[in-house]
>>> print(open('target_28.cif').read())   # mmCIF, C-alpha atoms; chains and numbers go by the auth columns
data_coords
loop_
_atom_site.group_PDB
_atom_site.id
_atom_site.type_symbol
_atom_site.label_atom_id
_atom_site.label_comp_id
_atom_site.label_asym_id
_atom_site.label_seq_id
_atom_site.Cartn_x
_atom_site.Cartn_y
_atom_site.Cartn_z
_atom_site.B_iso_or_equiv
_atom_site.auth_seq_id
_atom_site.auth_asym_id
ATOM 1 C CA MET A 1 87.079 12.949 93.833 0.00 1 D
ATOM 2 C CA GLN A 2 83.992 12.362 91.778 0.00 2 D
ATOM 3 C CA LYS A 3 82.386 15.346 93.407 0.00 3 D
ATOM 4 C CA MET A 4 85.339 17.550 92.501 0.00 4 D
ATOM 5 C CA TYR A 5 85.252 16.608 88.849 0.00 5 D
ATOM 6 C CA SER A 6 81.508 16.750 88.529 0.00 6 D
ATOM 7 C CA GLU A 7 81.250 20.258 89.992 0.00 7 D
ATOM 8 C CA THR A 8 80.372 22.901 87.452 0.00 8 D
ATOM 9 C CA SER A 9 83.192 25.321 86.791 0.00 9 D
ATOM 10 C CA ARG A 10 82.979 28.967 87.719 0.00 10 D
ATOM 11 C CA ALA A 11 82.987 30.018 84.065 0.00 11 D
ATOM 12 C CA GLU A 12 80.134 27.631 83.365 0.00 12 D
ATOM 13 C CA ARG A 13 78.151 28.992 86.285 0.00 13 D
ATOM 14 C CA VAL A 14 78.744 32.553 85.116 0.00 14 D
ATOM 15 C CA ASN A 15 77.626 31.709 81.592 0.00 15 D
ATOM 16 C CA ASN A 16 74.337 30.290 82.758 0.00 16 D
ATOM 17 C CA MET A 17 73.076 33.248 84.691 0.00 17 D
ATOM 18 C CA VAL A 18 69.877 35.088 83.928 0.00 18 D
ATOM 19 C CA PRO A 19 68.394 38.302 85.277 0.00 19 D
ATOM 20 C CA LYS A 20 65.544 38.243 87.774 0.00 20 D
ATOM 21 C CA GLU A 21 62.018 37.916 86.455 0.00 21 D
ATOM 22 C CA GLU A 22 61.078 41.231 88.106 0.00 22 D
ATOM 23 C CA THR A 23 63.800 43.064 86.151 0.00 23 D
ATOM 24 C CA ILE A 24 62.376 41.769 82.890 0.00 24 D
ATOM 25 C CA ARG A 25 58.836 42.586 84.014 0.00 25 D
ATOM 26 C CA PHE A 26 59.993 46.133 84.823 0.00 26 D
ATOM 27 C CA LEU A 27 61.577 46.525 81.376 0.00 27 D
ATOM 28 C CA LEU A 28 58.474 45.305 79.567 0.00 28 D
ATOM 29 C CA ASP A 29 56.253 47.606 81.652 0.00 29 D
ATOM 30 C CA TYR A 30 58.667 50.491 81.076 0.00 30 D
ATOM 31 C CA SER A 31 58.559 49.861 77.347 0.00 31 D
ATOM 32 C CA LYS A 32 54.748 49.866 77.337 0.00 32 D
ATOM 33 C CA ALA A 33 54.632 53.083 79.364 0.00 33 D
ATOM 34 C CA LEU A 34 57.265 54.949 77.335 0.00 34 D
ATOM 35 C CA SER A 35 55.993 57.006 74.516 0.00 35 D
ATOM 36 C CA VAL A 36 58.132 59.179 72.253 0.00 36 D
ATOM 37 C CA ILE A 37 56.375 62.235 70.903 0.00 37 D
ATOM 38 C CA ASP A 38 57.610 63.864 67.698 0.00 38 D
ATOM 39 C CA TYR A 39 57.168 67.592 67.536 0.00 39 D
ATOM 40 C CA HIS A 40 58.818 69.672 64.822 0.00 40 D
ATOM 41 C CA LYS A 41 61.867 67.404 64.586 0.00 41 D
ATOM 42 C CA LEU A 42 62.113 67.325 68.391 0.00 42 D
ATOM 43 C CA LYS A 43 61.566 64.086 70.245 0.00 43 D
ATOM 44 C CA PHE A 44 60.023 64.118 73.708 0.00 44 D
ATOM 45 C CA GLU A 45 59.899 61.140 76.010 0.00 45 D
ATOM 46 C CA ALA A 46 56.771 60.630 78.074 0.00 46 D
ATOM 47 C CA LEU A 47 56.117 57.917 80.643 0.00 47 D
ATOM 48 C CA LEU A 48 52.420 57.160 80.701 0.00 48 D
ATOM 49 C CA ASN A 49 51.014 54.789 83.247 0.00 49 D
ATOM 50 C CA MET B 1 58.189 27.537 66.903 0.00 50 O
ATOM 51 C CA LYS B 2 57.816 30.141 64.225 0.00 51 O
ATOM 52 C CA GLN B 3 58.943 32.874 66.617 0.00 52 O
ATOM 53 C CA SER B 4 62.273 31.255 67.461 0.00 53 O
ATOM 54 C CA THR B 5 63.245 31.245 63.794 0.00 54 O
ATOM 55 C CA THR B 6 62.336 34.901 63.366 0.00 55 O
ATOM 56 C CA THR B 7 65.427 37.033 62.939 0.00 56 O
ATOM 57 C CA ASP B 8 66.425 39.734 65.409 0.00 57 O
ATOM 58 C CA ALA B 9 66.120 42.305 62.628 0.00 58 O
ATOM 59 C CA PHE B 10 62.497 41.312 62.075 0.00 59 O
ATOM 60 C CA LEU B 11 61.718 41.520 65.793 0.00 60 O
ATOM 61 C CA VAL B 12 63.428 44.905 66.101 0.00 61 O
ATOM 62 C CA SER B 13 61.433 46.205 63.178 0.00 62 O
ATOM 63 C CA ALA B 14 58.200 44.802 64.645 0.00 63 O
ATOM 64 C CA TYR B 15 58.955 46.441 67.983 0.00 64 O
ATOM 65 C CA MET B 16 59.681 49.764 66.331 0.00 65 O
ATOM 66 C CA ASN B 17 56.293 49.465 64.673 0.00 66 O
ATOM 67 C CA GLY B 18 54.576 49.065 68.010 0.00 67 O
ATOM 68 C CA ASN B 19 54.632 45.318 68.656 0.00 68 O
ATOM 69 C CA GLU B 20 55.521 45.146 72.354 0.00 69 O
ATOM 70 C CA SER B 21 55.726 41.354 72.438 0.00 70 O
ATOM 71 C CA ALA B 22 58.664 41.528 70.024 0.00 71 O
ATOM 72 C CA LEU B 23 60.712 43.152 72.804 0.00 72 O
ATOM 73 C CA SER B 24 59.767 40.356 75.163 0.00 73 O
ATOM 74 C CA GLU B 25 61.023 37.844 72.606 0.00 74 O
ATOM 75 C CA LEU B 26 64.276 39.760 72.083 0.00 75 O
ATOM 76 C CA ILE B 27 64.942 39.910 75.816 0.00 76 O
ATOM 77 C CA THR B 28 64.106 36.238 76.322 0.00 77 O
ATOM 78 C CA ARG B 29 66.387 35.305 73.457 0.00 78 O
ATOM 79 C CA HIS B 30 69.435 37.260 74.605 0.00 79 O
ATOM 80 C CA LYS B 31 69.033 37.794 78.361 0.00 80 O
ATOM 81 C CA GLN B 32 71.363 34.960 79.342 0.00 81 O
ATOM 82 C CA ARG B 33 74.275 36.062 77.176 0.00 82 O
ATOM 83 C CA ILE B 34 73.954 39.730 78.073 0.00 83 O
ATOM 84 C CA TYR B 35 73.446 39.150 81.788 0.00 84 O
ATOM 85 C CA SER B 36 76.262 36.585 81.979 0.00 85 O
ATOM 86 C CA PHE B 37 78.573 39.006 80.189 0.00 86 O
ATOM 87 C CA ILE B 38 77.780 41.768 82.679 0.00 87 O
ATOM 88 C CA TYR B 39 78.068 39.431 85.672 0.00 88 O
ATOM 89 C CA SER B 40 81.426 38.114 84.442 0.00 89 O
ATOM 90 C CA LYS B 41 82.754 41.674 84.716 0.00 90 O
ATOM 91 C CA VAL B 42 81.197 42.927 87.954 0.00 91 O
ATOM 92 C CA PHE B 43 80.697 39.677 89.960 0.00 92 O
ATOM 93 C CA ASN B 44 77.818 41.141 91.884 0.00 93 O
ATOM 94 C CA ARG B 45 74.220 40.147 91.241 0.00 94 O
ATOM 95 C CA ASP B 46 72.643 43.459 92.255 0.00 95 O
ATOM 96 C CA ILE B 47 75.055 45.530 90.159 0.00 96 O
ATOM 97 C CA ALA B 48 74.656 43.141 87.219 0.00 97 O
ATOM 98 C CA GLU B 49 70.888 43.452 87.551 0.00 98 O
ATOM 99 C CA ASP B 50 71.133 47.274 87.522 0.00 99 O
ATOM 100 C CA ILE B 51 73.431 47.357 84.497 0.00 100 O
ATOM 101 C CA PHE B 52 71.229 44.855 82.637 0.00 101 O
ATOM 102 C CA GLN B 53 68.230 47.073 83.333 0.00 102 O
ATOM 103 C CA ASP B 54 70.037 50.260 82.245 0.00 103 O
ATOM 104 C CA THR B 55 71.227 48.522 79.087 0.00 104 O
ATOM 105 C CA PHE B 56 67.697 47.667 78.011 0.00 105 O
ATOM 106 C CA ILE B 57 66.370 51.080 79.015 0.00 106 O
ATOM 107 C CA LYS B 58 68.860 52.529 76.507 0.00 107 O
ATOM 108 C CA VAL B 59 67.823 49.935 73.927 0.00 108 O
ATOM 109 C CA ILE B 60 64.134 50.713 74.429 0.00 109 O
ATOM 110 C CA LYS B 61 64.656 54.481 74.208 0.00 110 O
ATOM 111 C CA THR B 62 66.797 54.213 71.064 0.00 111 O
ATOM 112 C CA LEU B 63 64.347 51.914 69.324 0.00 112 O
ATOM 113 C CA LYS B 64 61.288 53.965 70.302 0.00 113 O
ATOM 114 C CA LYS B 65 62.957 57.119 69.014 0.00 114 O
ATOM 115 C CA GLY B 66 63.644 55.344 65.738 0.00 115 O
ATOM 116 C CA ALA B 67 67.337 56.118 66.157 0.00 116 O
ATOM 117 C CA TYR B 68 68.477 52.526 65.575 0.00 117 O
ATOM 118 C CA ASN B 69 69.711 51.513 62.177 0.00 118 O
ATOM 119 C CA GLU B 70 70.150 47.897 61.351 0.00 119 O
ATOM 120 C CA GLU B 71 73.708 48.253 60.099 0.00 120 O
ATOM 121 C CA GLY B 72 75.210 45.850 62.527 0.00 121 O
ATOM 122 C CA LYS B 73 73.536 43.057 64.387 0.00 122 O
ATOM 123 C CA PHE B 74 71.202 43.571 67.315 0.00 123 O
ATOM 124 C CA LEU B 75 73.104 41.464 69.875 0.00 124 O
ATOM 125 C CA PRO B 76 76.574 43.010 69.282 0.00 125 O
ATOM 126 C CA TRP B 77 74.941 46.435 69.556 0.00 126 O
ATOM 127 C CA VAL B 78 73.320 45.580 72.904 0.00 127 O
ATOM 128 C CA MET B 79 76.569 44.005 74.117 0.00 128 O
ATOM 129 C CA ARG B 80 78.392 47.224 73.237 0.00 129 O
ATOM 130 C CA ILE B 81 75.904 49.241 75.306 0.00 130 O
ATOM 131 C CA ALA B 82 76.325 46.802 78.230 0.00 131 O
ATOM 132 C CA HIS B 83 80.103 46.978 77.885 0.00 132 O
ATOM 133 C CA ASN B 84 80.051 50.791 77.999 0.00 133 O
ATOM 134 C CA LEU B 85 77.808 50.767 81.062 0.00 134 O
ATOM 135 C CA VAL B 86 80.152 48.321 82.815 0.00 135 O
ATOM 136 C CA ILE B 87 83.049 50.722 82.104 0.00 136 O
ATOM 137 C CA ASP B 88 80.948 53.632 83.398 0.00 137 O
ATOM 138 C CA HIS B 89 80.261 51.652 86.550 0.00 138 O
ATOM 139 C CA PHE B 90 83.968 51.051 87.225 0.00 139 O
ATOM 140 C CA ARG B 91 84.891 54.645 86.402 0.00 140 O
ATOM 141 C CA LYS B 92 82.264 55.948 88.800 0.00 141 O
ATOM 142 C CA ASN B 93 83.435 53.613 91.553 0.00 142 O
ATOM 143 C CA ASN B 94 87.077 54.570 91.066 0.00 143 O
ATOM 144 C CA ARG B 95 86.220 58.207 91.417 0.00 144 O
ATOM 145 C CA MET B 96 84.115 57.568 94.476 0.00 145 O
ATOM 146 C CA PRO B 97 85.468 54.491 96.266 0.00 146 O
ATOM 147 C CA LYS B 98 82.754 52.908 98.310 0.00 147 O
ATOM 148 C CA PHE B 99 83.419 51.642 101.817 0.00 148 O
ATOM 149 C CA GLU B 100 81.005 49.375 103.502 0.00 149 O
ATOM 150 C CA ASN B 101 80.900 49.440 107.250 0.00 150 O
ATOM 151 C CA LYS B 102 81.572 46.080 108.794 0.00 151 O
ATOM 152 C CA ASP B 103 81.783 44.962 112.403 0.00 152 O
ATOM 153 C CA ASP B 104 85.568 45.338 112.562 0.00 153 O
ATOM 154 C CA PHE B 105 85.850 48.505 110.496 0.00 154 O
ATOM 155 C CA ASN B 106 83.850 51.661 110.339 0.00 155 O
ATOM 156 C CA ILE B 107 84.867 54.313 107.833 0.00 156 O
ATOM 157 C CA PHE B 108 83.646 57.071 110.163 0.00 157 O
ATOM 158 C CA SER B 109 86.232 56.058 112.736 0.00 158 O
ATOM 159 C CA VAL B 110 88.978 57.330 110.419 0.00 159 O
ATOM 160 C CA LEU B 111 87.048 60.142 108.765 0.00 160 O
ATOM 161 C CA SER B 112 86.148 63.239 110.650 0.00 161 O
ATOM 162 C CA ASP B 113 84.696 66.598 109.892 0.00 162 O
ATOM 163 C CA ASN B 114 87.318 69.140 110.892 0.00 163 O
ATOM 164 C CA SER B 115 85.188 72.181 110.297 0.00 164 O
ATOM 165 C CA LEU B 116 83.802 73.699 113.457 0.00 165 O
ATOM 166 C CA ASN B 117 80.133 73.423 114.080 0.00 166 O
ATOM 167 C CA ILE B 118 78.166 76.447 115.278 0.00 167 O
ATOM 168 C CA GLU B 119 78.620 75.572 118.971 0.00 168 O
ATOM 169 C CA LYS B 120 82.396 75.145 118.644 0.00 169 O
ATOM 170 C CA ARG B 121 82.633 78.374 116.656 0.00 170 O
ATOM 171 C CA MET B 122 80.834 80.253 119.426 0.00 171 O
ATOM 172 C CA ILE B 123 83.089 78.739 122.104 0.00 172 O
ATOM 173 C CA LYS B 124 86.163 79.599 120.024 0.00 173 O
ATOM 174 C CA GLY B 125 84.984 83.216 119.762 0.00 174 O
ATOM 175 C CA GLN B 126 84.391 83.387 123.514 0.00 175 O
ATOM 176 C CA VAL B 127 87.830 81.930 124.296 0.00 176 O
ATOM 177 C CA GLU B 128 89.485 84.437 121.960 0.00 177 O
ATOM 178 C CA ASN B 129 87.635 87.295 123.644 0.00 178 O
ATOM 179 C CA ASP B 130 88.677 86.066 127.109 0.00 179 O
ATOM 180 C CA VAL B 131 92.313 85.877 126.015 0.00 180 O
ATOM 181 C CA LYS B 132 92.150 89.423 124.634 0.00 181 O
ATOM 182 C CA ARG B 133 90.700 90.693 127.922 0.00 182 O
ATOM 183 C CA LEU B 134 93.494 88.943 129.855 0.00 183 O
ATOM 184 C CA ILE B 135 96.142 90.458 127.586 0.00 184 O
ATOM 185 C CA GLU B 136 94.700 93.919 128.299 0.00 185 O
ATOM 186 C CA GLU B 137 95.551 93.375 131.979 0.00 186 O
ATOM 187 C CA LEU B 138 99.279 92.859 131.254 0.00 187 O
ATOM 188 C CA PRO B 139 101.876 95.621 131.795 0.00 188 O
ATOM 189 C CA GLU B 140 102.175 97.794 128.698 0.00 189 O
ATOM 190 C CA ASP B 141 105.673 96.635 127.596 0.00 190 O
ATOM 191 C CA GLN B 142 104.767 92.916 127.872 0.00 191 O
ATOM 192 C CA LYS B 143 101.414 93.438 126.155 0.00 192 O
ATOM 193 C CA GLN B 144 103.115 95.266 123.278 0.00 193 O
ATOM 194 C CA VAL B 145 105.603 92.430 122.619 0.00 194 O
ATOM 195 C CA LEU B 146 102.956 89.706 122.927 0.00 195 O
ATOM 196 C CA ILE B 147 100.580 91.437 120.471 0.00 196 O
ATOM 197 C CA MET B 148 103.383 92.008 117.961 0.00 197 O
ATOM 198 C CA ARG B 149 104.523 88.397 118.186 0.00 198 O
ATOM 199 C CA MET B 150 101.207 86.531 118.371 0.00 199 O
ATOM 200 C CA TYR B 151 98.730 88.740 116.507 0.00 200 O
ATOM 201 C CA LYS B 152 100.976 90.590 114.054 0.00 201 O
ATOM 202 C CA ASP B 153 103.249 87.584 113.535 0.00 202 O
ATOM 203 C CA MET B 154 106.426 89.659 113.785 0.00 203 O
ATOM 204 C CA SER B 155 109.843 88.156 114.472 0.00 204 O
ATOM 205 C CA PHE B 156 111.714 89.109 117.673 0.00 205 O
ATOM 206 C CA LYS B 157 114.214 90.956 115.496 0.00 206 O
ATOM 207 C CA GLU B 158 111.447 93.094 114.022 0.00 207 O
ATOM 208 C CA ILE B 159 109.939 93.624 117.487 0.00 208 O
ATOM 209 C CA SER B 160 113.274 94.752 118.880 0.00 209 O
ATOM 210 C CA GLU B 161 113.729 97.187 115.980 0.00 210 O
ATOM 211 C CA GLN B 162 110.245 98.631 116.353 0.00 211 O
ATOM 212 C CA THR B 163 110.266 98.947 120.157 0.00 212 O
ATOM 213 C CA GLY B 164 113.893 100.087 120.375 0.00 213 O
ATOM 214 C CA VAL B 165 114.954 97.344 122.820 0.00 214 O
ATOM 215 C CA SER B 166 117.365 94.448 122.379 0.00 215 O
ATOM 216 C CA ILE B 167 116.158 91.047 121.158 0.00 216 O
ATOM 217 C CA ASN B 168 116.924 89.589 124.599 0.00 217 O
ATOM 218 C CA THR B 169 114.742 92.199 126.287 0.00 218 O
ATOM 219 C CA ALA B 170 111.935 91.498 123.834 0.00 219 O
ATOM 220 C CA LEU B 171 112.291 87.747 124.521 0.00 220 O
ATOM 221 C CA GLY B 172 112.257 88.411 128.261 0.00 221 O
ATOM 222 C CA ARG B 173 109.106 90.529 127.991 0.00 222 O
ATOM 223 C CA MET B 174 107.400 87.806 126.003 0.00 223 O
ATOM 224 C CA ARG B 175 108.397 85.228 128.613 0.00 224 O
ATOM 225 C CA TYR B 176 107.030 87.344 131.474 0.00 225 O
ATOM 226 C CA ALA B 177 103.871 88.094 129.484 0.00 226 O
ATOM 227 C CA LEU B 178 103.161 84.336 129.165 0.00 227 O
ATOM 228 C CA ILE B 179 104.057 83.666 132.833 0.00 228 O
ATOM 229 C CA ASN B 180 101.734 86.447 133.982 0.00 229 O
ATOM 230 C CA LEU B 181 98.921 85.239 131.736 0.00 230 O
ATOM 231 C CA ARG B 182 99.234 81.706 133.167 0.00 231 O
ATOM 232 C CA LYS B 183 99.201 83.090 136.696 0.00 232 O
ATOM 233 C CA VAL B 184 95.964 85.027 136.083 0.00 233 O
ATOM 234 C CA ILE B 185 94.363 82.032 134.380 0.00 234 O
ATOM 235 C CA GLU B 186 95.270 79.709 137.273 0.00 235 O
ATOM 236 C CA LYS B 187 94.268 82.209 139.922 0.00 236 O
ATOM 237 C CA HIS B 188 90.796 82.721 138.488 0.00 237 O
ATOM 238 C CA ASN B 189 90.343 79.142 137.283 0.00 238 O
ATOM 239 C CA ILE B 190 89.643 80.323 133.765 0.00 239 O
ATOM 240 C CA VAL B 191 88.972 77.533 131.253 0.00 240 O
ATOM 241 C CA LEU B 192 90.333 78.359 127.846 0.00 241 O
ATOM 242 C CA THR B 193 89.648 75.212 125.900 0.00 242 O
ATOM 243 C CA ASN B 194 87.342 74.496 123.018 0.00 243 O
#
>>> encode(input="target_28.cif", output="structure tokens")
Amino acid sequence: MQKMYSETSRAERVNNMVPKEETIRFLLDYSKALSVIDYHKLKFEALLN
Amino acid sequence: MKQSTTTDAFLVSAYMNGNESALSELITRHKQRIYSFIYSKVFNRDIAEDIFQDTFIKVIKTLKKGAYNEEGKFLPWVMRIAHNLVIDHFRKNNRMPKFENKDDFNIFSVLSDNSLNIEKRMIKGQVENDVKRLIEELPEDQKQVLIMRMYKDMSFKEISEQTGVSINTALGRMRYALINLRKVIEKHNIVLTN
């Protein structure tokens, strides 16, 4: 009984989720590599490693 | 301590001015709410991870292009992007339902490719040629009725009108044509299957 009541609810579990560290690392690396070049009102994206 | 009190607007502005660590702070600050929101809709960790990633790729591109204006708040804006990507995900999956093969069910057991492959097409051509050669061996009156019925798709009424015989005679000729064809096929052990 105690176990049942002390279990975290599904909603609580869902609200405490975080993305993987590697996803965040990818995003930060992507951000560093992405460069937007302005040329005569045109914007070009370039991924530089 | 100072960083946690910095507003999102300040961090966004710093990031747009080239401060990469501001993005890290923004992600750290909001990752739980955004990821939990996505997960609560898709209930799949891998899909949630993909949508989270795509959301921030859009955020990064928009901010780097300078296309973001601080009219609303940063978090509601990111949540809106995530929400739209979740909808896109469900739309895409409805259009192309995905079946995963499991031990008790394999989608390829109910799906088949009905179009003939090159080998089957060649065999079909050969069978058709053999049948034509066999028809050539039939007596002229039977051959005429069979060709009109099977190749020209004429009714027995039309055949009787064109050949000047009664419908019963035309039917009889067709019957004998088929009997004779079967006899020749059996006699020479000809295989006419694809």
>>> interface_residues(input="target_28.cif", of="chain O", to="chain D", cutoff="7 Å", atoms="all atoms listed in the file", output="list of chain:residue names")
O:Glu69, O:Ser73, O:Lys80, O:Gln81, O:Tyr84, O:Ser85, O:Tyr88, O:Ser89, O:Glu98, O:Gln102, O:Ile109, O:Lys113, O:Lys114
>>> residues_around(input="target_28.cif", residues="segment 188-195 of chain O", least_positions_apart="2", cutoff="6 Å", atoms="all atoms listed in the file", output="list in words")
Met197, Arg198, Met199, Arg222, Met223 and Ala226 of chain O
>>> closest_residue(input="target_28.cif", among="O:Leu165, O:Leu160, O:Ile172, O:Val91", to="Asn142 of chain O", atoms="only C-alpha atoms")
O:Val91
>>> atom_distance(input="target_28.cif", atom1="atom CA of Ile234 of chain O", atom2="atom CA of Ile216 of chain O")
27.0 Å
>>> residues_around(input="target_28.cif", residues="segment 74-77 of chain O", least_positions_apart="3", cutoff="9 Å", atoms="all atoms listed in the file", output="PyMOL selection string")
(chain D and resi 24) or (chain O and resi 52-53+57+60-61+70-71+80-81+105)
>>> atom_distance(input="target_28.cif", atom1="atom CA of Leu47 of chain D", atom2="atom CA of Lys122 of chain O")
28.1 Å
>>> decode(input="target_28.cif", residues="segment 15-42 of chain D", atoms="N, CA and C atoms", output="CSV table (one decimal), in the first residue's frame")
chain,number,residue,atom,x,y,z
D,15,ASN,N,6.9,15.1,-16.5
D,15,ASN,CA,7.3,16.4,-16.4
D,15,ASN,C,8.8,16.6,-15.9
D,16,ASN,N,9.4,15.5,-15.6
D,16,ASN,CA,10.8,15.6,-15.1
D,16,ASN,C,11.8,15.0,-16.1
D,17,MET,N,11.4,15.0,-17.3
D,17,MET,CA,12.3,14.4,-18.3
D,17,MET,C,13.2,15.4,-19.0
D,18,VAL,N,14.4,15.0,-19.3
D,18,VAL,CA,15.3,15.9,-19.9
D,18,VAL,C,15.9,15.2,-21.2
D,19,PRO,N,16.3,16.0,-22.1
D,19,PRO,CA,17.0,15.3,-23.3
D,19,PRO,C,18.3,14.8,-23.0
D,20,LYS,N,18.8,13.9,-23.8
D,20,LYS,CA,20.2,13.3,-23.6
D,20,LYS,C,21.2,14.4,-23.7
D,21,GLU,N,22.3,14.2,-23.0
D,21,GLU,CA,23.4,15.1,-23.0
D,21,GLU,C,24.0,15.2,-24.4
D,22,GLU,N,24.0,14.1,-25.2
D,22,GLU,CA,24.6,14.2,-26.5
D,22,GLU,C,23.8,15.0,-27.5
D,23,THR,N,22.4,15.1,-27.2
D,23,THR,CA,21.6,16.0,-28.1
D,23,THR,C,22.0,17.4,-27.8
D,24,ILE,N,22.2,17.7,-26.6
D,24,ILE,CA,22.5,19.1,-26.2
D,24,ILE,C,23.9,19.5,-26.8
D,25,ARG,N,24.8,18.5,-26.6
D,25,ARG,CA,26.2,18.7,-27.2
D,25,ARG,C,26.1,19.0,-28.7
D,26,PHE,N,25.3,18.2,-29.4
D,26,PHE,CA,25.1,18.3,-30.8
D,26,PHE,C,24.6,19.7,-31.1
D,27,LEU,N,23.6,20.2,-30.4
D,27,LEU,CA,23.0,21.5,-30.7
D,27,LEU,C,24.0,22.6,-30.4
D,28,LEU,N,24.8,22.5,-29.4
D,28,LEU,CA,25.8,23.5,-29.1
D,28,LEU,C,26.9,23.5,-30.2
D,29,ASP,N,27.3,22.3,-30.6
D,29,ASP,CA,28.3,22.2,-31.7
D,29,ASP,C,27.8,22.8,-33.0
D,30,TYR,N,26.5,22.4,-33.2
D,30,TYR,CA,25.8,22.9,-34.5
D,30,TYR,C,25.8,24.4,-34.5
D,31,SER,N,25.4,25.0,-33.3
D,31,SER,CA,25.4,26.4,-33.2
D,31,SER,C,26.7,27.1,-33.5
D,32,LYS,N,27.8,26.5,-33.0
D,32,LYS,CA,29.1,27.0,-33.2
D,32,LYS,C,29.5,26.9,-34.7
D,33,ALA,N,29.1,25.8,-35.3
D,33,ALA,CA,29.5,25.6,-36.7
D,33,ALA,C,28.7,26.4,-37.7
D,34,LEU,N,27.5,26.8,-37.3
D,34,LEU,CA,26.6,27.5,-38.2
D,34,LEU,C,27.0,29.0,-38.3
D,35,SER,N,27.1,29.3,-39.6
D,35,SER,CA,27.4,30.8,-39.8
D,35,SER,C,26.5,31.3,-40.9
D,36,VAL,N,25.9,32.4,-40.6
D,36,VAL,CA,24.9,33.0,-41.6
D,36,VAL,C,25.6,34.2,-42.3
D,37,ILE,N,25.7,34.1,-43.6
D,37,ILE,CA,26.4,35.1,-44.4
D,37,ILE,C,25.4,36.0,-45.1
D,38,ASP,N,25.6,37.3,-44.8
D,38,ASP,CA,24.7,38.3,-45.5
D,38,ASP,C,25.3,38.7,-46.8
D,39,TYR,N,24.6,38.6,-47.8
D,39,TYR,CA,25.1,39.1,-49.1
D,39,TYR,C,24.0,39.8,-49.9
D,40,HIS,N,24.0,41.1,-50.0
D,40,HIS,CA,23.0,41.8,-50.8
D,40,HIS,C,21.6,41.5,-50.3
D,41,LYS,N,21.3,41.6,-49.1
D,41,LYS,CA,20.0,41.2,-48.5
D,41,LYS,C,19.7,39.8,-48.6
D,42,LEU,N,20.6,38.9,-49.1
D,42,LEU,CA,20.3,37.5,-49.1
D,42,LEU,C,21.1,36.9,-47.9
